[in-house]
>>> print(open('query-v1.cif').read())   # mmCIF, N, CA, C and O atoms
data_run
loop_
_atom_site.label_atom_id
_atom_site.label_comp_id
_atom_site.auth_asym_id
_atom_site.auth_seq_id
_atom_site.Cartn_x
_atom_site.Cartn_y
_atom_site.Cartn_z
N MET Y 18 -14.85 -22.21 -7.91
CA MET Y 18 -14.42 -20.87 -8.19
C MET Y 18 -13.65 -20.88 -9.51
O MET Y 18 -12.79 -21.72 -9.73
N SER Y 19 -13.96 -19.92 -10.37
CA SER Y 19 -13.27 -19.84 -11.65
C SER Y 19 -11.83 -19.38 -11.45
O SER Y 19 -11.47 -18.84 -10.40
N GLU Y 20 -11.02 -19.59 -12.46
CA GLU Y 20 -9.62 -19.16 -12.38
C GLU Y 20 -9.51 -17.65 -12.20
O GLU Y 20 -8.70 -17.16 -11.41
N ASP Y 21 -10.35 -16.88 -12.92
CA ASP Y 21 -10.34 -15.42 -12.79
C ASP Y 21 -10.75 -14.99 -11.38
O ASP Y 21 -10.13 -14.10 -10.79
N ALA Y 22 -11.78 -15.62 -10.83
CA ALA Y 22 -12.22 -15.29 -9.48
C ALA Y 22 -11.14 -15.61 -8.47
O ALA Y 22 -10.92 -14.87 -7.50
N GLY Y 23 -10.43 -16.69 -8.67
CA GLY Y 23 -9.34 -17.06 -7.78
C GLY Y 23 -8.21 -16.05 -7.83
O GLY Y 23 -7.62 -15.70 -6.81
N LEU Y 24 -7.88 -15.56 -9.04
CA LEU Y 24 -6.84 -14.55 -9.20
C LEU Y 24 -7.23 -13.27 -8.48
O LEU Y 24 -6.43 -12.68 -7.76
N ILE Y 25 -8.47 -12.83 -8.66
CA ILE Y 25 -8.95 -11.62 -8.00
C ILE Y 25 -8.88 -11.77 -6.49
O ILE Y 25 -8.38 -10.89 -5.78
N ALA Y 26 -9.36 -12.89 -5.98
CA ALA Y 26 -9.33 -13.12 -4.53
C ALA Y 26 -7.90 -13.14 -4.02
O ALA Y 26 -7.60 -12.57 -2.96
N ASN Y 27 -6.98 -13.76 -4.74
CA ASN Y 27 -5.59 -13.83 -4.33
C ASN Y 27 -4.96 -12.44 -4.25
O ASN Y 27 -4.24 -12.13 -3.31
N HIS Y 28 -5.24 -11.60 -5.22
CA HIS Y 28 -4.67 -10.25 -5.22
C HIS Y 28 -5.29 -9.40 -4.12
O HIS Y 28 -4.59 -8.70 -3.40
N ARG Y 29 -6.61 -9.45 -4.00
CA ARG Y 29 -7.29 -8.59 -3.02
C ARG Y 29 -6.94 -8.97 -1.59
O ARG Y 29 -6.89 -8.09 -0.72
N VAL Y 30 -6.66 -10.23 -1.33
CA VAL Y 30 -6.32 -10.64 0.03
C VAL Y 30 -5.00 -9.99 0.49
O VAL Y 30 -4.73 -9.89 1.67
N HIS Y 31 -4.21 -9.49 -0.44
CA HIS Y 31 -2.98 -8.79 -0.13
C HIS Y 31 -3.16 -7.27 -0.18
O HIS Y 31 -2.63 -6.56 0.67
N VAL Y 32 -3.89 -6.78 -1.17
CA VAL Y 32 -4.05 -5.34 -1.37
C VAL Y 32 -4.91 -4.71 -0.27
O VAL Y 32 -4.55 -3.67 0.28
N VAL Y 33 -6.02 -5.33 0.08
CA VAL Y 33 -6.93 -4.73 1.06
C VAL Y 33 -6.24 -4.53 2.42
O VAL Y 33 -6.32 -3.43 2.98
N PRO Y 34 -5.54 -5.52 2.98
CA PRO Y 34 -4.87 -5.26 4.26
C PRO Y 34 -3.79 -4.17 4.16
O PRO Y 34 -3.59 -3.42 5.11
N ALA Y 35 -3.12 -4.07 3.02
CA ALA Y 35 -2.11 -3.02 2.86
C ALA Y 35 -2.77 -1.64 2.89
O ALA Y 35 -2.26 -0.72 3.54
N VAL Y 36 -3.90 -1.50 2.21
CA VAL Y 36 -4.62 -0.23 2.22
C VAL Y 36 -5.14 0.07 3.63
O VAL Y 36 -5.06 1.21 4.11
N LEU Y 37 -5.66 -0.94 4.31
CA LEU Y 37 -6.15 -0.73 5.67
C LEU Y 37 -5.02 -0.30 6.61
O LEU Y 37 -5.21 0.53 7.49
N ALA Y 38 -3.83 -0.85 6.42
CA ALA Y 38 -2.69 -0.44 7.24
C ALA Y 38 -2.35 1.03 7.01
O ALA Y 38 -2.02 1.76 7.95
N LEU Y 39 -2.47 1.49 5.76
CA LEU Y 39 -2.22 2.90 5.46
C LEU Y 39 -3.26 3.81 6.09
O LEU Y 39 -2.99 4.97 6.37
N ALA Y 40 -4.44 3.29 6.31
CA ALA Y 40 -5.54 4.09 6.87
C ALA Y 40 -5.60 4.03 8.40
O ALA Y 40 -6.53 4.55 8.98
N ASN Y 41 -4.62 3.41 9.04
CA ASN Y 41 -4.68 3.18 10.47
C ASN Y 41 -3.44 3.74 11.17
O ASN Y 41 -2.47 3.01 11.39
N PRO Y 42 -3.44 5.04 11.53
CA PRO Y 42 -2.26 5.64 12.16
C PRO Y 42 -1.77 4.92 13.42
O PRO Y 42 -0.56 4.77 13.58
N PRO Y 43 -2.63 4.45 14.33
CA PRO Y 43 -2.07 3.73 15.49
C PRO Y 43 -1.30 2.48 15.08
O PRO Y 43 -0.27 2.15 15.67
N TRP Y 44 -1.79 1.77 14.07
CA TRP Y 44 -1.10 0.59 13.55
C TRP Y 44 0.29 0.98 13.07
O TRP Y 44 1.28 0.34 13.37
N GLN Y 45 0.36 2.07 12.34
CA GLN Y 45 1.61 2.51 11.76
C GLN Y 45 2.59 2.99 12.84
O GLN Y 45 3.75 2.62 12.84
N GLN Y 46 2.12 3.85 13.70
CA GLN Y 46 3.03 4.58 14.58
C GLN Y 46 3.31 3.88 15.90
O GLN Y 46 4.35 4.08 16.50
N ARG Y 47 2.38 3.11 16.37
CA ARG Y 47 2.55 2.57 17.71
C ARG Y 47 2.56 1.05 17.73
O ARG Y 47 3.38 0.43 18.38
N ASP Y 48 1.66 0.45 17.00
CA ASP Y 48 1.44 -0.98 17.16
C ASP Y 48 2.36 -1.86 16.33
O ASP Y 48 2.74 -2.94 16.77
N VAL Y 49 2.73 -1.42 15.14
CA VAL Y 49 3.43 -2.36 14.25
C VAL Y 49 4.65 -1.76 13.57
O VAL Y 49 5.76 -2.21 13.80
N TRP Y 50 4.48 -0.78 12.73
CA TRP Y 50 5.56 -0.36 11.85
C TRP Y 50 6.81 0.11 12.58
O TRP Y 50 7.93 -0.09 12.10
N LEU Y 51 6.65 0.77 13.71
CA LEU Y 51 7.82 1.27 14.41
C LEU Y 51 8.29 0.33 15.52
O LEU Y 51 9.18 0.66 16.28
N ASP Y 52 7.74 -0.85 15.55
CA ASP Y 52 8.16 -1.88 16.50
C ASP Y 52 9.08 -2.86 15.76
O ASP Y 52 8.62 -3.63 14.91
N PRO Y 53 10.37 -2.84 16.04
CA PRO Y 53 11.30 -3.70 15.29
C PRO Y 53 11.07 -5.20 15.49
O PRO Y 53 11.56 -6.01 14.71
N ALA Y 54 10.30 -5.56 16.50
CA ALA Y 54 10.03 -6.98 16.74
C ALA Y 54 8.89 -7.53 15.89
O ALA Y 54 8.66 -8.73 15.84
N VAL Y 55 8.19 -6.65 15.18
CA VAL Y 55 7.03 -7.05 14.37
C VAL Y 55 7.45 -7.11 12.91
O VAL Y 55 8.17 -6.25 12.41
N PHE Y 56 6.96 -8.12 12.19
CA PHE Y 56 7.40 -8.35 10.81
C PHE Y 56 6.93 -7.26 9.85
O PHE Y 56 7.70 -6.74 9.07
N GLN Y 57 5.62 -6.94 9.86
CA GLN Y 57 5.13 -6.01 8.84
C GLN Y 57 5.68 -4.61 9.07
O GLN Y 57 5.74 -4.12 10.19
N ASN Y 58 6.08 -3.98 7.98
CA ASN Y 58 6.51 -2.60 8.04
C ASN Y 58 6.06 -1.91 6.76
O ASN Y 58 5.42 -2.51 5.90
N LEU Y 59 6.37 -0.66 6.65
CA LEU Y 59 5.94 0.11 5.48
C LEU Y 59 6.51 -0.47 4.20
O LEU Y 59 5.83 -0.49 3.17
N ASP Y 60 7.72 -0.96 4.23
CA ASP Y 60 8.35 -1.54 3.04
C ASP Y 60 7.49 -2.67 2.47
O ASP Y 60 7.30 -2.78 1.26
N GLN Y 61 6.97 -3.52 3.34
CA GLN Y 61 6.11 -4.61 2.89
C GLN Y 61 4.85 -4.07 2.22
O GLN Y 61 4.41 -4.57 1.18
N VAL Y 62 4.26 -3.04 2.81
CA VAL Y 62 3.06 -2.43 2.24
C VAL Y 62 3.38 -1.84 0.87
O VAL Y 62 2.62 -2.02 -0.09
N LEU Y 63 4.49 -1.13 0.76
CA LEU Y 63 4.86 -0.51 -0.51
C LEU Y 63 5.10 -1.57 -1.59
O LEU Y 63 4.66 -1.39 -2.74
N HIS Y 64 5.76 -2.66 -1.25
CA HIS Y 64 5.97 -3.72 -2.24
C HIS Y 64 4.63 -4.32 -2.68
O HIS Y 64 4.45 -4.63 -3.86
N THR Y 65 3.71 -4.47 -1.75
CA THR Y 65 2.39 -5.00 -2.10
C THR Y 65 1.69 -4.08 -3.09
O THR Y 65 1.13 -4.55 -4.09
N LEU Y 66 1.72 -2.78 -2.83
CA LEU Y 66 0.96 -1.83 -3.64
C LEU Y 66 1.66 -1.38 -4.92
O LEU Y 66 1.00 -0.92 -5.85
N PHE Y 67 2.97 -1.50 -4.98
CA PHE Y 67 3.70 -1.04 -6.17
C PHE Y 67 4.28 -2.18 -7.00
O PHE Y 67 4.44 -2.05 -8.21
N ASP Y 68 4.64 -3.28 -6.37
CA ASP Y 68 5.40 -4.32 -7.07
C ASP Y 68 4.67 -5.65 -7.22
O ASP Y 68 4.74 -6.28 -8.27
N ASP Y 69 4.04 -6.10 -6.16
CA ASP Y 69 3.57 -7.48 -6.11
C ASP Y 69 2.14 -7.71 -6.60
O ASP Y 69 1.89 -8.62 -7.38
N PHE Y 70 1.20 -6.91 -6.13
CA PHE Y 70 -0.21 -7.19 -6.41
C PHE Y 70 -0.96 -6.00 -7.00
O PHE Y 70 -2.18 -6.04 -7.15
N CYS Y 71 -0.23 -4.95 -7.33
CA CYS Y 71 -0.82 -3.76 -7.93
C CYS Y 71 0.34 -2.92 -8.45
O CYS Y 71 1.49 -3.28 -8.28
N ASP Y 72 0.03 -1.85 -9.11
CA ASP Y 72 1.03 -0.86 -9.50
C ASP Y 72 0.41 0.49 -9.20
O ASP Y 72 -0.35 1.03 -10.01
N ALA Y 73 0.69 1.01 -8.01
CA ALA Y 73 0.05 2.25 -7.57
C ALA Y 73 0.41 3.43 -8.47
O ALA Y 73 -0.29 4.44 -8.46
N ASP Y 74 1.48 3.32 -9.25
CA ASP Y 74 1.80 4.38 -10.21
C ASP Y 74 0.88 4.32 -11.43
O ASP Y 74 0.51 5.35 -11.98
N LYS Y 75 0.54 3.12 -11.86
CA LYS Y 75 -0.30 2.91 -13.04
C LYS Y 75 -1.29 1.78 -12.75
O LYS Y 75 -1.17 0.68 -13.29
N PRO Y 76 -2.28 2.05 -11.90
CA PRO Y 76 -3.16 0.97 -11.44
C PRO Y 76 -4.23 0.52 -12.43
O PRO Y 76 -4.90 -0.48 -12.19
N ASP Y 77 -4.37 1.20 -13.55
CA ASP Y 77 -5.46 0.89 -14.50
C ASP Y 77 -5.48 -0.58 -14.92
O ASP Y 77 -6.54 -1.18 -15.03
N ARG Y 78 -4.33 -1.17 -15.13
CA ARG Y 78 -4.29 -2.56 -15.60
C ARG Y 78 -4.70 -3.56 -14.53
O ARG Y 78 -4.90 -4.73 -14.82
N TYR Y 79 -4.86 -3.08 -13.29
CA TYR Y 79 -5.29 -3.97 -12.20
C TYR Y 79 -6.79 -3.92 -11.96
O TYR Y 79 -7.29 -4.58 -11.04
N LEU Y 80 -7.51 -3.17 -12.79
CA LEU Y 80 -8.97 -3.18 -12.73
C LEU Y 80 -9.44 -4.60 -13.04
O LEU Y 80 -9.00 -5.21 -14.01
N SER Y 81 -10.29 -5.13 -12.20
CA SER Y 81 -10.81 -6.49 -12.30
C SER Y 81 -9.79 -7.56 -11.93
O SER Y 81 -10.00 -8.74 -12.18
N ILE Y 82 -8.67 -7.14 -11.36
CA ILE Y 82 -7.70 -8.11 -10.84
C ILE Y 82 -7.58 -7.90 -9.33
O ILE Y 82 -7.96 -8.75 -8.56
N SER Y 83 -7.02 -6.75 -8.92
CA SER Y 83 -6.97 -6.46 -7.49
C SER Y 83 -7.83 -5.26 -7.12
O SER Y 83 -8.09 -5.02 -5.95
N LEU Y 84 -8.27 -4.53 -8.12
CA LEU Y 84 -9.14 -3.37 -7.91
C LEU Y 84 -10.46 -3.64 -8.62
O LEU Y 84 -10.47 -4.01 -9.79
N LYS Y 85 -11.56 -3.45 -7.89
CA LYS Y 85 -12.86 -3.83 -8.44
C LYS Y 85 -13.52 -2.78 -9.32
O LYS Y 85 -14.25 -3.13 -10.23
N THR Y 86 -13.29 -1.51 -9.03
CA THR Y 86 -14.01 -0.45 -9.74
C THR Y 86 -13.05 0.64 -10.22
O THR Y 86 -11.92 0.75 -9.74
N GLU Y 87 -13.55 1.46 -11.11
CA GLU Y 87 -12.77 2.63 -11.57
C GLU Y 87 -12.47 3.55 -10.39
O GLU Y 87 -11.41 4.18 -10.35
N LYS Y 88 -13.39 3.62 -9.44
CA LYS Y 88 -13.17 4.45 -8.26
C LYS Y 88 -11.99 3.93 -7.45
O LYS Y 88 -11.16 4.71 -6.97
N GLU Y 89 -11.88 2.62 -7.30
CA GLU Y 89 -10.73 2.05 -6.60
C GLU Y 89 -9.43 2.34 -7.37
O GLU Y 89 -8.40 2.62 -6.75
N VAL Y 90 -9.49 2.29 -8.68
CA VAL Y 90 -8.31 2.61 -9.49
C VAL Y 90 -7.89 4.06 -9.23
O VAL Y 90 -6.71 4.35 -9.02
N ALA Y 91 -8.86 4.97 -9.23
CA ALA Y 91 -8.56 6.39 -8.98
C ALA Y 91 -7.98 6.60 -7.58
O ALA Y 91 -7.01 7.36 -7.41
N HIS Y 92 -8.54 5.92 -6.60
CA HIS Y 92 -8.01 6.03 -5.24
C HIS Y 92 -6.60 5.47 -5.14
O HIS Y 92 -5.74 6.05 -4.47
N MET Y 93 -6.34 4.37 -5.82
CA MET Y 93 -4.99 3.79 -5.78
C MET Y 93 -4.00 4.72 -6.46
O MET Y 93 -2.86 4.87 -6.00
N ARG Y 94 -4.42 5.35 -7.54
CA ARG Y 94 -3.54 6.30 -8.23
C ARG Y 94 -3.18 7.45 -7.28
O ARG Y 94 -2.02 7.86 -7.18
N LYS Y 95 -4.18 7.98 -6.56
CA LYS Y 95 -3.94 9.06 -5.60
C LYS Y 95 -3.03 8.60 -4.47
O LYS Y 95 -2.14 9.33 -4.03
N ALA Y 96 -3.23 7.38 -4.01
CA ALA Y 96 -2.36 6.83 -2.96
C ALA Y 96 -0.93 6.71 -3.47
O ALA Y 96 0.02 7.03 -2.75
N GLY Y 97 -0.77 6.29 -4.72
CA GLY Y 97 0.56 6.18 -5.31
C GLY Y 97 1.27 7.52 -5.36
O GLY Y 97 2.46 7.62 -5.02
N VAL Y 98 0.55 8.57 -5.74
CA VAL Y 98 1.14 9.91 -5.78
C VAL Y 98 1.56 10.33 -4.38
O VAL Y 98 2.68 10.82 -4.16
N ALA Y 99 0.68 10.13 -3.40
CA ALA Y 99 0.99 10.52 -2.03
C ALA Y 99 2.19 9.73 -1.48
O ALA Y 99 3.06 10.31 -0.81
N LEU Y 100 2.23 8.45 -1.75
CA LEU Y 100 3.35 7.63 -1.26
C LEU Y 100 4.66 8.02 -1.94
O LEU Y 100 5.72 8.04 -1.29
N ASN Y 101 4.61 8.35 -3.21
CA ASN Y 101 5.82 8.80 -3.90
C ASN Y 101 6.28 10.15 -3.35
O ASN Y 101 7.48 10.39 -3.20
N ASP Y 102 5.33 11.05 -3.04
CA ASP Y 102 5.67 12.34 -2.43
C ASP Y 102 6.33 12.14 -1.07
O ASP Y 102 7.30 12.81 -0.73
N ALA Y 103 5.78 11.21 -0.28
CA ALA Y 103 6.37 10.92 1.03
C ALA Y 103 7.77 10.34 0.86
O ALA Y 103 8.69 10.68 1.62
N ALA Y 104 7.97 9.49 -0.13
CA ALA Y 104 9.28 8.90 -0.39
C ALA Y 104 10.31 9.98 -0.72
O ALA Y 104 11.48 9.88 -0.32
N ALA Y 105 9.87 11.01 -1.42
CA ALA Y 105 10.78 12.10 -1.78
C ALA Y 105 11.25 12.86 -0.53
O ALA Y 105 12.31 13.49 -0.57
N GLN Y 106 10.48 12.77 0.54
CA GLN Y 106 10.85 13.45 1.79
C GLN Y 106 11.48 12.48 2.79
O GLN Y 106 11.62 12.81 3.97
N ALA Y 107 11.83 11.30 2.35
CA ALA Y 107 12.44 10.29 3.21
C ALA Y 107 13.79 9.87 2.63
O ALA Y 107 13.91 8.81 2.02
N PRO Y 108 14.82 10.70 2.80
CA PRO Y 108 16.09 10.43 2.13
C PRO Y 108 16.76 9.11 2.55
O PRO Y 108 17.49 8.52 1.77
N ASN Y 109 16.48 8.65 3.76
CA ASN Y 109 17.08 7.39 4.22
C ASN Y 109 16.10 6.22 4.10
O ASN Y 109 16.40 5.11 4.53
N ASP Y 110 14.92 6.51 3.54
CA ASP Y 110 13.91 5.48 3.27
C ASP Y 110 13.50 4.70 4.52
O ASP Y 110 13.28 3.49 4.47
N THR Y 111 13.37 5.41 5.64
CA THR Y 111 12.94 4.74 6.87
C THR Y 111 11.46 4.98 7.11
O THR Y 111 10.90 5.99 6.67
N ASP Y 112 10.83 4.07 7.82
CA ASP Y 112 9.41 4.23 8.15
C ASP Y 112 9.19 5.52 8.93
O ASP Y 112 8.22 6.24 8.70
N GLU Y 113 10.09 5.84 9.84
CA GLU Y 113 9.97 7.06 10.63
C GLU Y 113 9.93 8.30 9.73
O GLU Y 113 9.13 9.21 9.95
N GLU Y 114 10.79 8.33 8.72
CA GLU Y 114 10.82 9.48 7.82
C GLU Y 114 9.52 9.58 7.02
O GLU Y 114 8.99 10.68 6.83
N TYR Y 115 9.02 8.46 6.54
CA TYR Y 115 7.75 8.49 5.82
C TYR Y 115 6.65 9.04 6.71
O TYR Y 115 5.88 9.91 6.30
N LEU Y 116 6.57 8.55 7.94
CA LEU Y 116 5.50 8.96 8.84
C LEU Y 116 5.62 10.41 9.26
O LEU Y 116 4.62 11.04 9.62
N GLN Y 117 6.82 10.99 9.20
CA GLN Y 117 7.02 12.39 9.55
C GLN Y 117 6.90 13.32 8.34
O GLN Y 117 6.90 14.53 8.49
N SER Y 118 6.74 12.75 7.16
CA SER Y 118 6.62 13.54 5.94
C SER Y 118 5.41 14.46 6.03
O SER Y 118 4.35 14.09 6.55
N SER Y 119 5.55 15.66 5.51
CA SER Y 119 4.44 16.62 5.54
C SER Y 119 3.25 16.16 4.71
O SER Y 119 2.13 16.60 4.94
N CYS Y 120 3.45 15.26 3.79
CA CYS Y 120 2.35 14.79 2.95
C CYS Y 120 1.83 13.42 3.38
O CYS Y 120 0.99 12.84 2.70
N TRP Y 121 2.30 12.90 4.51
CA TRP Y 121 1.90 11.55 4.91
C TRP Y 121 0.40 11.42 5.12
O TRP Y 121 -0.21 10.45 4.69
N SER Y 122 -0.21 12.36 5.78
CA SER Y 122 -1.64 12.21 6.08
C SER Y 122 -2.48 12.19 4.83
O SER Y 122 -3.50 11.58 4.77
#
>>> encode(input="query-v1.cif", output="structure tokens")
Amino acid sequence: MSEDAGLIANHRVHVVPAVLALANPPWQQRDVWLDPAVFQNLDQVLHTLFDDFCDADKPDRYLSISLKTEKEVAHMRKAGVALNDAAAQAPNDTDEEYLQSSCWS
């Protein structure tokens, strides 16, 4: 595997599960995020998508790194806007507040 292919695989192995968690309401509300005994929470997902393996505010530079196509870049940009809107409605920055945000869905 080339160094570039390894970098892409390393980034995607983190980004894809984070996106899947955002697309799975039972995972968020019942199975994981609101269960204090489980490690993964929304904060981990947000760090993955904004800080660690992508920049959901400006995802263009992650094309061919963690995002494969321009369409994925556009979707990540939209997700970033939605997540920032939800954050604006979560004054205490809790998972519960994010999930109750009017723009969460």
>>> resolve_selection(input="query-v1.cif", expression="the PyMOL selection byres ((chain Y and resi 83-98) around 6)", output="ChimeraX atom specification")
/Y:25,28-29,70,73-74,76-77,79-82,99-103
>>> resolve_selection(input="query-v1.cif", expression="the PyMOL selection byres ((chain Y and resi 66) around 8)", output="list in words")
His31, Val32, Ala35, Val36, Leu59, Asp60, Gln61, Val62, Leu63, His64, Thr65, Phe67, Asp68, Asp69, Phe70, Cys71, Asp72, Ala73, Asp74, Lys75, Pro76, Met93 and Gly97 of chain Y
>>> select_by_dssp(input="query-v1.cif", residues="chain Y", states="helix (DSSP H, G or I)", output="PyMOL selection string")
chain Y and resi 20-39+42-48+59-69+76-79+87-105+112-117
>>> closest_residue(input="query-v1.cif", among="Y:Val49, Y:Cys120, Y:Ala26, Y:Val33", to="Ala105 in chain Y", atoms="only C-alpha atoms")
Y:Cys120
>>> atom_distance(input="query-v1.cif", atom1="atom N of Ala107 in chain Y", atom2="atom N of Gln45 in chain Y")
17.8 Å
>>> atom_distance(input="query-v1.cif", atom1="atom N of Trp121 in chain Y", atom2="atom O of Arg78 in chain Y")
27.1 Å
>>> build_atoms(input="query-v1.cif", residues="range 52-61 of chain Y", atoms="all heavy atoms", output="short mmCIF file (atom, residue, chain, number, x, y, z; two decimals), in the coordinates of the input")
data_model
loop_
_atom_site.label_atom_id
_atom_site.label_comp_id
_atom_site.auth_asym_id
_atom_site.auth_seq_id
_atom_site.Cartn_x
_atom_site.Cartn_y
_atom_site.Cartn_z
N ASP Y 52 7.74 -0.85 15.55
CA ASP Y 52 8.16 -1.88 16.50
C ASP Y 52 9.08 -2.86 15.76
O ASP Y 52 8.62 -3.63 14.91
CB ASP Y 52 6.95 -2.61 17.07
CG ASP Y 52 7.32 -3.66 18.10
OD1 ASP Y 52 8.53 -3.99 18.23
OD2 ASP Y 52 6.41 -4.17 18.76
N PRO Y 53 10.37 -2.84 16.04
CA PRO Y 53 11.30 -3.70 15.29
C PRO Y 53 11.07 -5.20 15.49
O PRO Y 53 11.56 -6.01 14.71
CB PRO Y 53 12.68 -3.29 15.81
CG PRO Y 53 12.42 -2.61 17.11
CD PRO Y 53 11.03 -2.04 17.05
N ALA Y 54 10.30 -5.56 16.50
CA ALA Y 54 10.03 -6.98 16.74
C ALA Y 54 8.89 -7.53 15.89
O ALA Y 54 8.66 -8.73 15.84
CB ALA Y 54 9.70 -7.20 18.22
N VAL Y 55 8.19 -6.65 15.18
CA VAL Y 55 7.03 -7.05 14.37
C VAL Y 55 7.45 -7.11 12.91
O VAL Y 55 8.17 -6.25 12.41
CB VAL Y 55 5.86 -6.05 14.57
CG1 VAL Y 55 4.69 -6.44 13.71
CG2 VAL Y 55 5.46 -6.01 16.04
N PHE Y 56 6.96 -8.12 12.19
CA PHE Y 56 7.40 -8.35 10.81
C PHE Y 56 6.93 -7.26 9.85
O PHE Y 56 7.70 -6.74 9.07
CB PHE Y 56 6.93 -9.71 10.31
CG PHE Y 56 7.24 -9.95 8.86
CD1 PHE Y 56 8.54 -10.16 8.45
CD2 PHE Y 56 6.25 -9.92 7.90
CE1 PHE Y 56 8.86 -10.35 7.11
CE2 PHE Y 56 6.55 -10.11 6.57
CZ PHE Y 56 7.86 -10.32 6.18
N GLN Y 57 5.62 -6.94 9.86
CA GLN Y 57 5.13 -6.01 8.84
C GLN Y 57 5.68 -4.61 9.07
O GLN Y 57 5.74 -4.12 10.19
CB GLN Y 57 3.60 -5.93 8.82
CG GLN Y 57 3.14 -5.09 7.64
CD GLN Y 57 1.71 -4.58 7.74
OE1 GLN Y 57 1.33 -4.04 8.75
NE2 GLN Y 57 0.96 -4.78 6.69
N ASN Y 58 6.08 -3.98 7.98
CA ASN Y 58 6.51 -2.60 8.04
C ASN Y 58 6.06 -1.91 6.76
O ASN Y 58 5.42 -2.51 5.90
CB ASN Y 58 8.03 -2.49 8.23
CG ASN Y 58 8.81 -3.21 7.15
OD1 ASN Y 58 8.34 -3.39 6.03
ND2 ASN Y 58 10.00 -3.64 7.48
N LEU Y 59 6.37 -0.66 6.65
CA LEU Y 59 5.94 0.11 5.48
C LEU Y 59 6.51 -0.47 4.20
O LEU Y 59 5.83 -0.49 3.17
CB LEU Y 59 6.33 1.57 5.64
CG LEU Y 59 5.99 2.50 4.49
CD1 LEU Y 59 4.49 2.48 4.17
CD2 LEU Y 59 6.47 3.90 4.77
N ASP Y 60 7.72 -0.96 4.23
CA ASP Y 60 8.35 -1.54 3.04
C ASP Y 60 7.49 -2.67 2.47
O ASP Y 60 7.30 -2.78 1.26
CB ASP Y 60 9.75 -2.03 3.37
CG ASP Y 60 10.54 -2.39 2.13
OD1 ASP Y 60 10.58 -1.58 1.19
OD2 ASP Y 60 11.11 -3.50 2.12
N GLN Y 61 6.97 -3.52 3.34
CA GLN Y 61 6.11 -4.61 2.89
C GLN Y 61 4.85 -4.07 2.22
O GLN Y 61 4.41 -4.57 1.18
CB GLN Y 61 5.74 -5.50 4.07
CG GLN Y 61 4.84 -6.65 3.69
CD GLN Y 61 4.40 -7.47 4.90
OE1 GLN Y 61 4.68 -7.13 6.04
NE2 GLN Y 61 3.71 -8.54 4.64
#
